[in-house]
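Asker: Quick one: the structure is below, and I'll ask about it shortly.
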Amino acid sequence: MLSRTTATATASASLSVSSLTSTNPSRFLSHLSPNCSRFSGLKKLSYTFPNPVSNFVSVRWNRSKNINYKAKRNNCDRSRMENFTTRAFAEPLKNPGELIDSVETFIFDCDGVIWKGDKLIDGVPETLDMLRSKGKRLVFVTNNSTKSRKQYGKKFETLGLNVSEEEIFASSFAAAAYLKSINFPKDKKVYVIGEDGILKELELAGFEYLGGPEDGGKKIELKPGFLMEHDKDVGAVVVGFDRYFNYYKIQYGTLCIRENPGCLFIATNRDAVTHLTDAQEWAGGGSMVGAVSGSTQREPLVVGKPSTFMMDYLANKFGILKSQICMVGDRLDTDILFGQNGGCKTLLVLSGVTTLPMLQNPNNSIQPDFYTNKISDFLPLKAATV
Ligand SMILES: [Mg+2]
């Protein structure tokens with residue numbers, strides 16, 4: 001088992017790990033007060049030494065929100081506490097059955113978890129079947145906005161997976177769902193910097209749009225006095241990954257955001273890189289969003305991971321408690337953060353972009369609850385040996 005404790009706790013009494021991974025601060029604090037013995041055995045925290053003036057211990061809860069809490073020291077033995085400096089690190093998944101039993105819903109990222117490019121990852125169909133047979137709800141969430149839910153459904157089908165459209169949540173869908181959730185006026189239009197998936201979802205939601213692939217071939221010929229006209233009825237600019245990104249689109253989106261009163265700036269995601277081929281990393285949706293953010297000096301509203309919009313949407317739609325969800329993904333800064341921001345359990349799989357050395361790098365501050373090689377480690381007799 002991995003142990004990366006930075007210093008040794010001197011006390012030996014124990015608290016369960018689950019009690020320390022709660023996202024509820026009051027629940028956490030209840031373990032720290034009123035007497036010091038309850039600090040004993042904590043392995044998932046870093047905190048500073050007791051402040052001799054305030055008589056408070058500043059505890060860093062190194063979990064989802066990296067919030068600092070203060071707990072009164074009360075009758076603690078300071079000498080014991082000064083040796084108690086530990087940090088949170090993910091644990092290898094040793095008991096998949098326990099994790100499966102502890103939640104009712106699994107949210108899976110797709111690329112790097114279910115498939116890699118167009119290739120299914122080993123053991124995925126059996127794993128999904130096993131989870132369904134145990135009555136678990138399965139949801140698939142992807143930041144890739146180039147496809148609609150329907151188009152993703154086809155991809156699952158092509159790979160031989162029985163997944164319905166209602167179980168798929170792409171950031172293209174999230175953009176349309178967000179506009180619906182705020183009752184975006186139907187007489188306003190949406191300018192799209194992105195690919196077909198966003199257009200399809202906007203259409204399904206009944207919104208009028210312009211831009212998208214159609215503007216991919218447009219060029220600007222700068223002549224003295226040239227002025228680009230733009231539609232004053234555009235009330236939102238949605239930016240997602242776009243292989244046909246160009247200066248025309250940047251200028252059009254910028255004009256809408258800067259000049260149309262109240263125009264929204266929505267990003268499907270801000271992923272730095274994406275995996276168009278397995279040979280290298282490619283500039284992701286964050287590069288397109290960054291360009292428009294740079295010219296407008298505005299920060300977008302992000303609807304994809306790690307923003308909690310989709311998590312809130314899912315919890316409402318299915319009527320599920322977020323504490324009953326396990327988020328499974330291959331990226332720390334989107335998937336795992338998404339799960340942690342939503343207050344879910346988190347499992348990192350090493351079948352995608354994150355390697356064990358990356359997870360264990362001292363500079364990495366995002367630690368899932370568990371990690372394992374791939375989701376088929378859920379299957380009996382295939383327990384993780386990472
Ligand atoms: Mg992924």
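Here, A, B, ... name the chains of the structure tokens in the order displayed, residue numbers run from 1 inside each chain, and ligands are numbered from 1 in the same displayed order.
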Write out as a PyMOL selection string each polymer residue whose atoms come within 8 Å of Val273 (chain A), counting only C-alpha atoms; drop sequence neighbours fewer than 6 positions from it.
Answerer: chain A and resi 281-286
Asker: Any idea what's packed within 7 Å of Arg137 (chain A), counting only C-alpha atoms, ignoring anything in its chain fewer than 5 positions away? Could you give it as a list in words?
Answerer: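 Using only C-alpha atoms, the neighbours found are Glu104, Thr105, Phe106 and Arg132 of chain A.
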Asker: With N, CA and C atoms retained, write the just-selected residues as a CSV table (one decimal), in the first residue's frame.
Answerer:
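Wrote it out as selection.csv, contents follow:
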```csv
chain,number,residue,atom,x,y,z
A,104,GLU,N,-24.8,4.5,-5.0
A,104,GLU,CA,-25.9,4.0,-5.9
A,104,GLU,C,-25.7,4.4,-7.3
A,105,THR,N,-24.8,5.4,-7.6
A,105,THR,CA,-24.6,5.9,-8.9
A,105,THR,C,-23.1,6.0,-9.2
A,106,PHE,N,-22.8,5.5,-10.4
A,106,PHE,CA,-21.4,5.7,-10.9
A,106,PHE,C,-21.5,6.7,-12.1
A,132,ARG,N,-24.7,-2.8,-13.4
A,132,ARG,CA,-26.2,-2.8,-13.7
A,132,ARG,C,-26.9,-3.9,-12.9
```
Asker: Could you list, as a list of chain:residue names, all the residues within 10 Å of ligand 1, counting only C-alpha atoms and all ligand atoms?
Answerer: A:Phe108, A:Asp109, A:Cys110, A:Asp111, A:Gly112, A:Val113, A:Ile114, A:Trp115, A:Lys116, A:Val141, A:Thr142, A:Asn143, A:Asn144, A:Thr274, A:His275, A:Val328, A:Gly329, A:Asp330, A:Arg331, A:Leu332, A:Thr334, A:Asp335, A:Val349, A:Ser351, A:Gly352, A:Val353, A:Thr354
Asker: Extract the full set of strand (DSSP E) residues from region 313-350 of chain A according to DSSP on the backbone, and format it as a ChimeraX atom specification.
Answerer: /A:325-329,345-349
Asker: So that I can check the surroundings of Val163 (chain A), please list as a PDB file with N, CA and C atoms, in the first residue's frame every protein, DNA and RNA residue that reaches within 9 Å of it, counting only C-alpha atoms and ignoring chain neighbours fewer than 4 positions away.
Answerer:
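Result saved to result35.pdb:
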```pdb
ATOM      1  N   LEU A 138     -25.898   4.126 -13.911  1.00  0.00           N
ATOM      2  CA  LEU A 138     -24.675   4.483 -14.622  1.00  0.00           C
ATOM      3  C   LEU A 138     -24.920   5.735 -15.453  1.00  0.00           C
ATOM      4  N   VAL A 139     -23.991   6.665 -15.362  1.00  0.00           N
ATOM      5  CA  VAL A 139     -24.086   7.908 -16.110  1.00  0.00           C
ATOM      6  C   VAL A 139     -22.719   8.162 -16.747  1.00  0.00           C
ATOM      7  N   PHE A 140     -22.747   8.694 -17.946  1.00  0.00           N
ATOM      8  CA  PHE A 140     -21.492   8.931 -18.669  1.00  0.00           C
ATOM      9  C   PHE A 140     -21.383  10.428 -18.964  1.00  0.00           C
ATOM     10  N   GLY A 153     -24.378   8.366 -28.370  1.00  0.00           N
ATOM     11  CA  GLY A 153     -25.113   7.107 -28.285  1.00  0.00           C
ATOM     12  C   GLY A 153     -24.677   6.155 -29.386  1.00  0.00           C
ATOM     13  N   PHE A 156     -21.284   4.618 -28.533  1.00  0.00           N
ATOM     14  CA  PHE A 156     -21.423   3.517 -27.576  1.00  0.00           C
ATOM     15  C   PHE A 156     -21.923   2.260 -28.296  1.00  0.00           C
ATOM     16  N   GLU A 157     -22.895   2.468 -29.166  1.00  0.00           N
ATOM     17  CA  GLU A 157     -23.485   1.338 -29.892  1.00  0.00           C
ATOM     18  C   GLU A 157     -22.438   0.667 -30.783  1.00  0.00           C
ATOM     19  N   GLU A 167     -28.512   8.428 -20.562  1.00  0.00           N
ATOM     20  CA  GLU A 167     -27.416   8.186 -19.601  1.00  0.00           C
ATOM     21  C   GLU A 167     -26.157   8.973 -19.978  1.00  0.00           C
ATOM     22  N   ILE A 168     -26.229   9.708 -21.080  1.00  0.00           N
ATOM     23  CA  ILE A 168     -25.034  10.384 -21.593  1.00  0.00           C
ATOM     24  C   ILE A 168     -25.160  11.895 -21.403  1.00  0.00           C
TER      25      ILE A 168
END
```
Asker: Suppose you want the space between CA of Asp196 (chain A) and CA of Thr296 (chain A); what is it in Å?
Answerer: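 Between CA of Asp196 (chain A) and CA of Thr296 (chain A) the gap is 24.3 Å.
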Asker: Near Pro185 (chain A), counting only C-alpha atoms, which residues have an atom at most 10 Å away, once you skip same-chain residues fewer than 6 positions from it, shown as a PDB file with C-alpha atoms, in the first residue's frame?
Answerer:
```pdb
ATOM      1  CA  LEU A 179     -29.498  28.053 -21.314  1.00  0.00           C
ATOM      2  CA  PHE A 207     -32.685  27.722 -29.504  1.00  0.00           C
ATOM      3  CA  GLY A 235     -27.585  36.929 -26.306  1.00  0.00           C
TER       4      GLY A 235
END
```
Asker: For Ser148 (chain A), which residue out of A:Gln340, A:Asn246, A:Ser323, A:Ser171 is the nearest one, using only C-alpha atoms?
Answerer: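 Ranking A:Gln340, A:Asn246, A:Ser323, A:Ser171 by distance to Ser148 (chain A), first place goes to A:Ser171.
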Asker: Looking at A:Phe184, A:Phe245, A:Tyr178, A:Tyr252, which one is nearest to Met288 (chain A), with distances taken over only C-alpha atoms?
Answerer: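 With only C-alpha atoms as the atom set, the closest residue is A:Phe245.
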Asker: Rank A:Leu131, A:Cys256, A:Ile366, A:Val292 by their smallest atom-to-atom distance to Val190 (chain A), using only C-alpha atoms, and report the top residue only.
Answerer: A:Cys256
